[in-house]
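A.B. asks: Dropping in my_file-v2.txt, which is compact mmCIF, C-alpha atoms:
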# COMPACT_ATOMS: atom_id res chain seq x y z
CA MET A 1 -40.23 59.23 5.82
CA SER A 2 -40.67 55.77 4.24
CA ILE A 3 -36.91 55.21 4.20
CA ARG A 4 -36.70 54.81 7.94
CA PRO A 5 -38.52 51.45 8.31
CA LEU A 6 -36.65 50.13 5.32
CA ALA A 7 -33.29 51.05 6.79
CA LEU A 8 -34.36 49.50 10.07
CA ALA A 9 -35.26 46.27 8.35
CA LEU A 10 -31.95 46.23 6.52
CA LEU A 11 -30.06 46.82 9.74
CA MET A 12 -31.92 44.01 11.45
CA ALA A 13 -31.25 41.65 8.56
CA LEU A 14 -27.56 42.51 8.66
CA SER A 15 -27.31 41.97 12.38
CA LEU A 16 -29.07 38.60 12.14
CA ALA A 17 -27.05 37.35 9.15
CA PRO A 18 -24.00 36.09 11.09
CA ALA A 19 -26.24 34.22 13.49
CA ALA A 20 -28.13 32.61 10.60
CA TRP A 21 -24.84 31.71 8.91
CA ALA A 22 -23.53 30.22 12.14
CA ASP A 23 -26.72 28.20 12.43
CA VAL A 24 -26.33 26.90 8.85
CA ARG A 25 -22.68 26.01 9.43
CA GLY A 26 -23.62 24.36 12.73
CA GLN A 27 -26.19 22.14 11.03
CA ALA A 28 -23.74 21.24 8.28
CA LYS A 29 -21.04 20.51 10.84
CA GLU A 30 -23.36 18.12 12.68
CA GLN A 31 -23.90 16.20 9.46
CA VAL A 32 -20.16 16.17 8.71
CA GLU A 33 -19.27 14.86 12.16
CA PHE A 34 -21.93 12.17 12.04
CA GLY A 35 -20.64 11.21 8.59
CA ILE A 36 -17.13 10.79 9.99
CA GLN A 37 -18.43 8.54 12.77
CA VAL A 38 -20.25 6.23 10.37
CA ALA A 39 -17.37 6.20 7.87
CA GLN A 40 -15.08 5.03 10.66
CA ARG A 41 -17.44 2.09 11.12
CA GLY A 42 -17.30 1.32 7.42
CA LEU A 43 -20.78 2.65 6.61
CA TRP A 44 -19.66 4.67 3.61
CA LYS A 45 -23.07 4.94 1.93
CA GLU A 46 -24.53 6.55 5.03
CA ALA A 47 -21.49 8.81 5.24
CA ILE A 48 -22.04 9.92 1.64
CA TYR A 49 -25.67 10.74 2.45
CA ARG A 50 -24.61 12.82 5.47
CA TRP A 51 -21.90 14.73 3.62
CA GLU A 52 -24.17 15.38 0.67
CA ARG A 53 -26.70 16.83 3.13
CA ALA A 54 -23.95 18.97 4.68
CA ALA A 55 -22.94 20.27 1.26
CA GLN A 56 -26.58 21.10 0.49
CA ILE A 57 -27.07 22.90 3.79
CA ASP A 58 -23.84 24.88 3.43
CA PRO A 59 -22.46 24.89 -0.12
CA THR A 60 -19.42 26.89 1.08
CA TYR A 61 -18.25 24.22 3.54
CA ALA A 62 -15.02 22.84 2.08
CA ALA A 63 -14.73 20.00 4.63
CA ALA A 64 -18.05 18.54 3.47
CA PHE A 65 -16.82 18.39 -0.13
CA ASN A 66 -13.43 17.00 0.89
CA ASN A 67 -15.06 14.19 2.89
CA LEU A 68 -17.53 13.53 0.13
CA ALA A 69 -14.62 13.19 -2.30
CA VAL A 70 -12.90 10.67 -0.02
CA ALA A 71 -16.11 8.63 0.21
CA TYR A 72 -16.67 8.69 -3.55
CA GLU A 73 -13.07 7.56 -4.00
CA HIS A 74 -13.65 4.67 -1.61
CA GLU A 75 -16.76 3.70 -3.59
CA GLY A 76 -14.87 3.82 -6.90
CA GLN A 77 -16.87 6.80 -8.21
CA LEU A 78 -13.75 8.54 -9.44
CA ALA A 79 -15.37 11.24 -11.61
CA LYS A 80 -17.55 12.35 -8.70
CA ALA A 81 -14.54 12.26 -6.38
CA ARG A 82 -12.56 14.54 -8.68
CA ALA A 83 -15.43 17.04 -8.90
CA ALA A 84 -15.83 17.08 -5.12
CA TYR A 85 -12.09 17.55 -4.51
CA GLU A 86 -12.00 20.39 -7.02
CA LYS A 87 -14.97 22.05 -5.32
CA ALA A 88 -13.28 21.68 -1.91
CA LEU A 89 -10.09 23.23 -3.26
CA ALA A 90 -12.00 26.06 -4.94
CA LEU A 91 -13.60 26.85 -1.58
CA ASP A 92 -10.39 26.51 0.43
CA PRO A 93 -7.41 26.74 -1.95
CA ASN A 94 -4.81 26.94 0.81
CA ASN A 95 -5.88 23.85 2.68
CA ALA A 96 -2.85 21.57 2.53
CA LEU A 97 -4.80 18.53 3.77
CA VAL A 98 -7.33 18.76 0.94
CA ARG A 99 -4.46 19.28 -1.51
CA GLN A 100 -2.68 16.20 -0.15
CA ASN A 101 -5.85 14.09 -0.51
CA TYR A 102 -6.31 15.36 -4.05
CA ASP A 103 -2.72 14.58 -5.03
CA LEU A 104 -3.07 11.00 -3.72
CA PHE A 105 -6.36 10.65 -5.55
CA LYS A 106 -4.83 11.88 -8.82
CA GLU A 107 -2.10 9.27 -8.58
CA ILE A 108 -4.70 6.47 -8.45
CA ASN A 109 -6.99 8.10 -10.96
CA ASP A 110 -4.17 8.42 -13.49
CA ARG A 111 -3.41 4.72 -13.09
CA ALA A 112 -7.06 3.85 -13.63
CA ALA A 113 -7.18 6.11 -16.67
CA GLN A 114 -4.39 4.19 -18.39
CA LYS A 115 -6.92 1.90 -19.96
CA ASP A 116 -5.22 1.57 -23.33
CA GLY A 117 -1.69 0.33 -23.08
CA ARG A 118 0.96 1.31 -25.56
CA GLN A 119 0.91 -0.83 -28.66
CA LEU A 120 3.82 -3.13 -29.35
CA MET B 121 19.75 31.27 -5.78
CA THR B 122 17.59 28.40 -6.97
CA ALA B 123 18.49 26.36 -3.90
CA ARG B 124 17.57 29.30 -1.70
CA LEU B 125 14.25 29.69 -3.51
CA LYS B 126 13.57 25.98 -3.15
CA LYS B 127 14.38 26.16 0.56
CA THR B 128 12.00 29.10 0.99
CA ALA B 129 9.25 27.27 -0.94
CA VAL B 130 9.66 24.15 1.21
CA SER B 131 9.60 26.25 4.41
CA CYS B 132 6.48 28.08 3.20
CA SER B 133 4.62 24.88 2.33
CA LEU B 134 5.60 23.32 5.67
CA ALA B 135 4.41 26.43 7.49
CA LEU B 136 1.18 26.35 5.48
CA LEU B 137 0.65 22.69 6.34
CA ALA B 138 1.35 23.40 10.02
CA ILE B 139 -1.10 26.32 10.03
CA SER B 140 -3.86 24.38 8.32
CA VAL B 141 -3.30 21.36 10.59
CA ALA B 142 -3.40 23.61 13.64
CA CYS B 143 -6.60 25.35 12.52
CA THR B 144 -8.43 22.28 11.25
CA SER B 145 -9.85 19.41 13.15
CA TYR B 146 -9.15 16.31 11.15
CA THR B 147 -9.03 12.54 11.29
CA GLU B 148 -7.23 9.99 9.11
CA ILE B 149 -9.11 7.10 7.62
CA PRO B 150 -7.99 4.07 5.59
CA ILE B 151 -9.71 3.64 2.23
CA GLU B 152 -9.69 1.05 -0.54
CA THR B 153 -10.26 2.42 -4.00
CA PRO B 154 -11.63 -0.15 -6.46
CA ILE B 155 -10.15 0.10 -9.95
CA GLN B 156 -12.23 -1.44 -12.70
CA PRO B 157 -10.56 -4.04 -14.97
CA LYS B 158 -9.22 -2.76 -18.28
CA LEU B 159 -10.61 -5.72 -20.20
CA ASP B 160 -14.07 -7.29 -20.15
CA VAL B 161 -13.25 -10.96 -19.67
CA THR B 162 -16.81 -12.15 -19.05
CA PRO B 163 -16.98 -13.96 -22.46
CA PHE B 164 -14.04 -16.16 -21.39
CA GLN B 165 -14.00 -18.85 -18.76
CA ARG B 166 -10.42 -19.90 -19.29
CA VAL B 167 -7.11 -18.21 -19.88
CA PHE B 168 -4.12 -19.64 -21.72
CA ILE B 169 -0.74 -18.10 -20.97
CA ALA B 170 0.70 -19.18 -24.30
CA GLY B 171 4.30 -18.06 -23.88
CA PHE B 172 6.45 -15.08 -24.73
CA ILE B 173 9.18 -14.16 -27.12
CA ALA B 174 12.05 -13.53 -24.78
CA GLY B 175 15.69 -12.60 -24.86
CA ALA B 176 18.24 -15.32 -24.34
CA ASN B 177 19.49 -14.50 -20.86
CA GLU B 178 22.04 -16.94 -19.47
CA ASP B 179 20.62 -16.96 -15.95
CA VAL B 180 16.92 -16.39 -16.45
CA ASP B 181 14.60 -18.01 -18.94
CA ALA B 182 12.28 -14.99 -19.09
CA ASN B 183 9.71 -16.87 -21.17
CA MET B 184 9.31 -19.81 -18.79
CA GLU B 185 9.57 -17.72 -15.62
CA THR B 186 6.93 -15.27 -16.87
CA VAL B 187 4.58 -18.07 -17.88
CA ARG B 188 4.99 -19.78 -14.50
CA LEU B 189 4.55 -16.57 -12.55
CA LEU B 190 1.46 -15.36 -14.42
CA ARG B 191 -0.20 -18.76 -14.28
CA SER B 192 0.37 -19.08 -10.54
CA GLN B 193 -0.82 -15.51 -9.90
CA LEU B 194 -4.02 -16.04 -11.90
CA ARG B 195 -4.61 -19.38 -10.21
CA ASN B 196 -4.08 -17.93 -6.72
CA LYS B 197 -6.40 -15.00 -7.35
CA GLY B 198 -9.01 -17.30 -8.87
CA ILE B 199 -9.65 -14.79 -11.62
CA MET B 200 -10.17 -17.38 -14.40
CA ARG B 201 -9.47 -21.05 -14.96
CA VAL B 202 -5.88 -21.36 -16.06
CA ILE B 203 -5.06 -23.81 -18.84
CA ASP B 204 -2.06 -25.96 -18.00
CA ALA B 205 -0.43 -26.72 -21.32
CA ASP B 206 2.99 -26.55 -22.92
CA THR B 207 4.00 -23.09 -24.01
CA LEU B 208 4.04 -22.35 -27.73
CA PRO B 209 7.41 -22.19 -29.50
CA LEU B 210 6.69 -18.68 -30.74
CA ILE B 211 10.15 -17.94 -32.07
CA ASP B 212 10.11 -21.06 -34.25
CA VAL B 213 6.58 -20.32 -35.40
CA ALA B 214 7.56 -16.76 -36.32
CA ARG B 215 10.66 -18.01 -38.17
CA GLN B 216 8.64 -20.53 -40.14
CA ALA B 217 6.11 -17.90 -41.09
CA ASN B 218 9.03 -15.69 -42.19
CA GLY B 219 10.29 -18.56 -44.30
CA GLY B 220 7.41 -18.19 -46.73
CA GLU B 221 4.75 -20.48 -45.32
CA ASN B 222 1.40 -18.78 -45.21
CA LEU B 223 0.27 -20.34 -41.99
CA PRO B 224 2.43 -21.68 -39.20
CA PRO B 225 1.79 -25.29 -38.21
CA ALA B 226 -0.80 -26.17 -35.60
CA PRO B 227 0.44 -26.83 -32.06
CA ASP B 228 0.18 -30.64 -32.43
CA GLN B 229 2.38 -30.49 -35.55
CA GLN B 230 4.89 -28.27 -33.74
CA ALA B 231 5.20 -30.82 -30.97
CA VAL B 232 6.45 -33.58 -33.27
CA GLN B 233 9.25 -31.45 -34.73
CA PRO B 234 12.58 -33.12 -34.02
CA PRO B 235 14.77 -30.86 -31.85
CA GLN B 236 17.81 -31.14 -34.15
CA ASP B 237 15.86 -29.32 -36.88
CA GLN B 238 15.40 -26.28 -34.72
CA GLU B 239 17.90 -23.46 -35.05
CA LYS B 240 19.98 -22.10 -32.20
CA ALA B 241 18.22 -19.78 -29.75
CA PRO B 242 18.36 -16.26 -31.16
CA VAL B 243 19.89 -13.32 -29.35
CA ILE B 244 17.20 -10.86 -28.37
CA ASN B 245 18.60 -7.98 -26.37
CA ASP B 246 16.49 -5.05 -27.44
CA GLU B 247 13.37 -3.92 -29.26
CA LYS B 248 15.18 -4.03 -32.59
CA ASP B 249 15.95 -7.72 -32.17
CA LEU B 250 12.29 -8.32 -31.40
CA GLU B 251 10.97 -6.67 -34.54
CA GLN B 252 11.41 -9.70 -36.80
CA TYR B 253 9.16 -11.81 -34.57
CA GLN B 254 6.39 -9.36 -33.81
CA HIS B 255 4.30 -10.24 -36.86
CA ILE B 256 3.29 -13.46 -35.10
CA PHE B 257 1.05 -11.50 -32.72
CA ALA B 258 -0.95 -10.11 -35.62
CA ASN B 259 -1.42 -13.52 -37.25
CA VAL B 260 -5.18 -13.83 -36.66
CA ALA B 261 -5.49 -17.24 -38.37
CA TYR B 262 -2.77 -18.73 -36.18
CA TRP B 263 -4.27 -17.49 -32.93
CA LYS B 264 -7.76 -18.51 -33.99
CA ARG B 265 -6.47 -22.01 -34.56
CA ILE B 266 -4.76 -22.02 -31.16
CA GLY B 267 -8.06 -20.82 -29.68
CA GLU B 268 -9.93 -23.72 -31.28
CA GLU B 269 -7.34 -26.12 -29.92
CA TYR B 270 -7.90 -24.91 -26.34
CA GLN B 271 -11.65 -24.28 -26.47
CA GLN B 272 -11.54 -20.57 -27.22
CA PRO B 273 -9.88 -19.12 -24.15
CA LEU B 274 -8.44 -15.69 -23.58
CA ILE B 275 -4.85 -16.01 -24.83
CA VAL B 276 -2.05 -14.08 -23.16
CA THR B 277 1.20 -13.76 -25.06
CA GLY B 278 3.75 -11.07 -25.91
CA ALA B 279 7.42 -10.38 -25.47
CA VAL B 280 9.67 -10.11 -22.44
CA LEU B 281 13.00 -8.36 -22.52
CA PHE B 282 15.11 -8.91 -19.44
CA ALA B 283 18.58 -7.59 -19.91
CA PRO B 284 21.50 -6.54 -17.74
CA GLN B 285 22.40 -2.87 -17.74
CA GLN B 286 25.20 -0.71 -16.47
CA LYS B 287 25.02 2.95 -15.64
CA SER B 288 27.40 5.44 -14.18
CA GLY B 289 26.76 8.94 -13.01
CA PHE B 290 25.97 11.10 -10.04
CA VAL B 291 23.66 9.63 -7.45
CA GLN B 292 22.13 11.45 -4.53
CA ARG B 293 22.36 9.59 -1.25
CA GLU B 294 21.90 10.55 2.36
CA GLN B 295 24.94 10.83 4.59
CA GLU B 296 24.57 10.66 8.34
CA SER B 297 26.69 12.81 10.61
CA TYR B 298 26.60 14.52 14.01
CA ASP B 299 26.77 18.25 14.71
CA PRO B 300 28.91 19.80 17.52
CA PHE B 301 25.98 19.32 19.93
CA GLY B 302 25.84 15.61 19.20
CA ARG B 303 22.62 15.79 17.23
CA ARG B 304 22.21 13.42 14.31
CA ILE B 305 21.89 15.15 10.96
CA VAL B 306 21.31 13.68 7.53
CA VAL B 307 22.74 15.55 4.59
CA PRO B 308 22.08 14.72 0.92
CA VAL B 309 25.37 14.09 -0.86
CA ARG B 310 25.94 13.67 -4.60
CA THR B 311 28.48 11.02 -5.45
CA TYR B 312 29.69 9.51 -8.70
CA MET B 313 28.89 5.80 -8.83
CA GLU B 314 29.22 2.86 -11.15
CA ARG B 315 26.00 0.89 -10.97
CA LYS B 316 24.71 -2.25 -12.58
CA GLY B 317 21.40 -3.98 -12.61
CA PHE B 318 18.63 -5.15 -14.89
CA VAL B 319 15.89 -3.77 -17.03
CA LEU B 320 12.62 -5.60 -17.56
CA ARG B 321 10.39 -4.60 -20.45
CA PRO B 322 7.45 -6.94 -20.93
CA THR B 323 4.64 -6.45 -23.42
CA PHE B 324 1.48 -8.38 -22.63
CA ILE B 325 -0.84 -9.06 -25.55
CA PHE B 326 -4.37 -10.30 -24.88
CA ILE B 327 -5.89 -12.23 -27.77
CA ASP B 328 -9.49 -13.36 -28.22
CA GLY B 329 -9.27 -17.14 -28.69
CA ARG B 330 -12.58 -17.13 -30.60
CA THR B 331 -11.46 -14.74 -33.34
CA GLY B 332 -7.67 -14.55 -33.07
CA GLU B 333 -7.89 -10.77 -32.78
CA THR B 334 -5.81 -8.73 -30.33
CA LEU B 335 -8.05 -7.25 -27.64
CA HIS B 336 -5.51 -5.29 -25.68
CA SER B 337 -1.79 -4.83 -25.36
CA GLU B 338 0.25 -3.18 -22.69
CA THR B 339 3.95 -2.47 -22.30
CA PHE B 340 5.74 -1.90 -19.03
CA ARG B 341 9.28 -0.93 -18.17
CA GLU B 342 10.96 -1.42 -14.82
CA GLU B 343 14.60 -1.21 -13.93
CA ILE B 344 16.75 -1.81 -10.92
CA LEU B 345 20.30 -0.70 -10.23
CA TYR B 346 22.73 -1.78 -7.56
CA ASN B 347 26.24 -0.82 -6.50
CA ALA B 348 28.70 -2.28 -8.96
CA SER B 349 30.24 -4.29 -6.11
CA GLN B 350 26.92 -5.85 -5.08
CA GLN B 351 26.26 -9.34 -6.41
CA THR B 352 22.52 -9.82 -6.90
CA PRO B 353 21.27 -12.93 -8.69
CA ALA B 354 19.49 -12.17 -11.94
CA LEU B 355 16.51 -14.30 -10.98
CA SER B 356 15.84 -12.39 -7.77
CA SER B 357 16.03 -9.10 -9.70
CA TYR B 358 13.61 -10.51 -12.25
CA PHE B 359 11.08 -11.36 -9.52
CA GLU B 360 11.55 -8.00 -7.83
CA LEU B 361 10.81 -6.19 -11.09
CA MET B 362 7.85 -8.44 -11.95
CA ASP B 363 6.42 -7.83 -8.48
CA ARG B 364 6.19 -4.13 -9.27
CA LEU B 365 4.11 -4.59 -12.39
CA LEU B 366 1.97 -7.59 -11.44
CA PRO B 367 -0.85 -5.46 -9.94
CA ALA B 368 -1.17 -3.61 -13.25
CA PHE B 369 -1.20 -6.91 -15.18
CA LEU B 370 -3.87 -8.39 -12.88
CA ASN B 371 -5.90 -5.19 -13.13
CA THR B 372 -6.27 -5.87 -16.85
CA LEU B 373 -8.35 -8.93 -16.02
CA SER B 374 -9.96 -8.17 -12.67
CA ALA B 375 -10.88 -5.28 -10.42
CA GLN B 376 -8.16 -4.33 -7.98
CA LYS B 377 -8.42 -2.48 -4.69
CA ILE B 378 -5.77 0.09 -3.94
CA LYS B 379 -5.25 0.73 -0.26
CA GLY B 380 -4.48 4.20 1.02
CA THR B 381 -5.14 6.74 3.74
CA ARG B 382 -7.07 10.00 3.43
CA THR B 383 -7.84 12.85 5.77
CA LEU B 384 -11.40 13.67 6.75
CA LEU B 385 -12.05 17.24 7.91
CA LYS B 386 -14.56 18.56 10.44
Go through the file and emit its structure as structure tokens.

C.D. replies:
Amino acid sequence: MSIRPLALALLMALSLAPAAWADVRGQAKEQVEFGIQVAQRGLWKEAIYRWERAAQIDPTYAAAFNNLAVAYEHEGQLAKARAAYEKALALDPNNALVRQNYDLFKEINDRAAQKDGRQL
Amino acid sequence: MTARLKKTAVSCSLALLAISVACTSYTEIPIETPIQPKLDVTPFQRVFIAGFIAGANEDVDANMETVRLLRSQLRNKGIMRVIDADTLPLIDVARQANGGENLPPAPDQQAVQPPQDQEKAPVINDEKDLEQYQHIFANVAYWKRIGEEYQQPLIVTGAVLFAPQQKSGFVQREQESYDPFGRRIVVPVRTYMERKGFVLRPTFIFIDGRTGETLHSETFREEILYNASQQTPALSSYFELMDRLLPAFLNTLSAQKIKGTRTLLK
């Protein structure tokens, strides 16, 4: 007898879940798009704020982490950039554009890491 | 089999790229990544490019050219004040130290040495030839004294090997042709070629003029090869090779910005 309302509640929750997820993704997407606009105007700090918000709103949104990584790279925060690229790739391993960004980043990061030259 | 596999892998990755590009809304953006300097030069206001132990190349005086180039680069970038002074006769100093003297003479004493007393320029073609002179870079007392002479600057010295080289072997090049429908196709072709060129192997040593201690040292290697029939002046090859490694040299002393393009996703 008491199972019926419970099942109903579960059914309702399940039917509403995609809508809630779409809403979350929509909010994150707004932040990502605004971030792109400001980054194109050179306002990278604002872009970082927007993409960090997007990643908080939807921690499964690979684009937010990819863009965040690009911004960190531009700001010279290479450790943060690496972490963000790796997160983006973990979320979307087959995304060739993220992979390409990461490969370019690694090339620069390796150069920066060569702090100690070979001794004579 | 391997070629077939490679072809399949390339096709797959291209298809993957095409799919992801088609499914993703993206935009390209230029970025400039700042790279922090390798060395903290804040204690120094001036830099002295002291000279290099270099191989005796007929066409290029690698010591003088390197000194001139580094001084002008540092001056143009305004990184530090560059000391304009005669270069040190490092080979002679190293020889004298080898000869049993505990401490090589001070720069002012070196300047009054009559030229006829100096030995013929040594042949330095490889790392082995360099070995007998390298102890000079570890001579803390000598460098400290040079530092005192020039008001304790950052001293840049080292060795520069610039030597001709010849190589022969298979080289892959692209051959252009047209198919029966008149379309241009480019096919990679492996051909055996005799090539000649130059190899540049500089080692830059950064010495603290206050203590005479080595702060940092870095070795680079760049090479260039041309068709055996091509006549390229040694000096232009030298500058081409130095151009490749100058950003890394400058990044030792100052932050550099590396330009690139990245893709932002929606």

A.B. asks: For chain A, list the residues within 10 Å of chain B, counting only C-alpha atoms, and write the list as a VMD selection string.

C.D. replies: chain A and resid 28 to 36 39 to 40 42 61 to 78 94 to 102 104 to 105 108 to 109 111 to 120

A.B. asks: With C-alpha atoms retained, could you export that selection as a PDB file, in the coordinates of the input?

C.D. replies:
ATOM      1  CA  ALA A  28     -23.740  21.240   8.280  1.00  0.00           C
ATOM      2  CA  LYS A  29     -21.040  20.510  10.840  1.00  0.00           C
ATOM      3  CA  GLU A  30     -23.360  18.120  12.680  1.00  0.00           C
ATOM      4  CA  GLN A  31     -23.900  16.200   9.460  1.00  0.00           C
ATOM      5  CA  VAL A  32     -20.160  16.170   8.710  1.00  0.00           C
ATOM      6  CA  GLU A  33     -19.270  14.860  12.160  1.00  0.00           C
ATOM      7  CA  PHE A  34     -21.930  12.170  12.040  1.00  0.00           C
ATOM      8  CA  GLY A  35     -20.640  11.210   8.590  1.00  0.00           C
ATOM      9  CA  ILE A  36     -17.130  10.790   9.990  1.00  0.00           C
ATOM     10  CA  ALA A  39     -17.370   6.200   7.870  1.00  0.00           C
ATOM     11  CA  GLN A  40     -15.080   5.030  10.660  1.00  0.00           C
ATOM     12  CA  GLY A  42     -17.300   1.320   7.420  1.00  0.00           C
ATOM     13  CA  TYR A  61     -18.250  24.220   3.540  1.00  0.00           C
ATOM     14  CA  ALA A  62     -15.020  22.840   2.080  1.00  0.00           C
ATOM     15  CA  ALA A  63     -14.730  20.000   4.630  1.00  0.00           C
ATOM     16  CA  ALA A  64     -18.050  18.540   3.470  1.00  0.00           C
ATOM     17  CA  PHE A  65     -16.820  18.390  -0.130  1.00  0.00           C
ATOM     18  CA  ASN A  66     -13.430  17.000   0.890  1.00  0.00           C
ATOM     19  CA  ASN A  67     -15.060  14.190   2.890  1.00  0.00           C
ATOM     20  CA  LEU A  68     -17.530  13.530   0.130  1.00  0.00           C
ATOM     21  CA  ALA A  69     -14.620  13.190  -2.300  1.00  0.00           C
ATOM     22  CA  VAL A  70     -12.900  10.670  -0.020  1.00  0.00           C
ATOM     23  CA  ALA A  71     -16.110   8.630   0.210  1.00  0.00           C
ATOM     24  CA  TYR A  72     -16.670   8.690  -3.550  1.00  0.00           C
ATOM     25  CA  GLU A  73     -13.070   7.560  -4.000  1.00  0.00           C
ATOM     26  CA  HIS A  74     -13.650   4.670  -1.610  1.00  0.00           C
ATOM     27  CA  GLU A  75     -16.760   3.700  -3.590  1.00  0.00           C
ATOM     28  CA  GLY A  76     -14.870   3.820  -6.900  1.00  0.00           C
ATOM     29  CA  GLN A  77     -16.870   6.800  -8.210  1.00  0.00           C
ATOM     30  CA  LEU A  78     -13.750   8.540  -9.440  1.00  0.00           C
ATOM     31  CA  ASN A  94      -4.810  26.940   0.810  1.00  0.00           C
ATOM     32  CA  ASN A  95      -5.880  23.850   2.680  1.00  0.00           C
ATOM     33  CA  ALA A  96      -2.850  21.570   2.530  1.00  0.00           C
ATOM     34  CA  LEU A  97      -4.800  18.530   3.770  1.00  0.00           C
ATOM     35  CA  VAL A  98      -7.330  18.760   0.940  1.00  0.00           C
ATOM     36  CA  ARG A  99      -4.460  19.280  -1.510  1.00  0.00           C
ATOM     37  CA  GLN A 100      -2.680  16.200  -0.150  1.00  0.00           C
ATOM     38  CA  ASN A 101      -5.850  14.090  -0.510  1.00  0.00           C
ATOM     39  CA  TYR A 102      -6.310  15.360  -4.050  1.00  0.00           C
ATOM     40  CA  LEU A 104      -3.070  11.000  -3.720  1.00  0.00           C
ATOM     41  CA  PHE A 105      -6.360  10.650  -5.550  1.00  0.00           C
ATOM     42  CA  ILE A 108      -4.700   6.470  -8.450  1.00  0.00           C
ATOM     43  CA  ASN A 109      -6.990   8.100 -10.960  1.00  0.00           C
ATOM     44  CA  ARG A 111      -3.410   4.720 -13.090  1.00  0.00           C
ATOM     45  CA  ALA A 112      -7.060   3.850 -13.630  1.00  0.00           C
ATOM     46  CA  ALA A 113      -7.180   6.110 -16.670  1.00  0.00           C
ATOM     47  CA  GLN A 114      -4.390   4.190 -18.390  1.00  0.00           C
ATOM     48  CA  LYS A 115      -6.920   1.900 -19.960  1.00  0.00           C
ATOM     49  CA  ASP A 116      -5.220   1.570 -23.330  1.00  0.00           C
ATOM     50  CA  GLY A 117      -1.690   0.330 -23.080  1.00  0.00           C
ATOM     51  CA  ARG A 118       0.960   1.310 -25.560  1.00  0.00           C
ATOM     52  CA  GLN A 119       0.910  -0.830 -28.660  1.00  0.00           C
ATOM     53  CA  LEU A 120       3.820  -3.130 -29.350  1.00  0.00           C
TER      54      LEU A 120
END

A.B. asks: Expressed in Å to a single decimal, how great is the separation between CA of Ile211 (chain B) and CA of Asp363 (chain B)?

C.D. replies: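 Distance between the two atoms: 25.9 Å.
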
A.B. asks: CA of Arg25 (chain A) to CA of Ile57 (chain A): how many Å, to one decimal?

C.D. replies: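 According to the coordinates, CA of Arg25 (chain A) and CA of Ile57 (chain A) are separated by 7.8 Å.
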
A.B. asks: In Å, rounded to a single decimal, give me how far CA of Arg364 (chain B) is from CA of Gly198 (chain B).

C.D. replies: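 CA of Gly198 (chain B) sits 20.1 Å away from CA of Arg364 (chain B).
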
A.B. asks: Could you name the residues that touch region 281-285 of chain B at 9 Å or less, counting all atoms listed in the file, but leaving out those on the same chain fewer than 5 positions away, as a list in words?

C.D. replies: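 My list of contacting residues is Ile173, Ala174, Gly175, Ala176, Asn177, Val180, Ala182, Ile244, Asn245, Asp246, Glu247, Leu250, Arg315, Lys316, Gly317, Phe318, Val319, Leu320, Arg321, Pro322, Thr323, Glu343, Ile344, Leu345, Ala354 and Tyr358 of chain B.
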
A.B. asks: Emit as JSON the padded axis-aligned box for all listed atoms of region 202-216 of chain B, 4 Å per side, with centre and edge lengths in Å to one decimal.

C.D. replies:
{"center_x": 2.4, "center_y": -21.7, "center_z": -28.1, "size_x": 24.5, "size_y": 18.0, "size_z": 32.1}

A.B. asks: Write out as an MDAnalysis selection string each polymer residue whose atoms come within 12 Å of Gln292 (chain B), counting only C-alpha atoms; drop sequence neighbours fewer than 5 positions from it.

C.D. replies: chainID B and resid 307:313
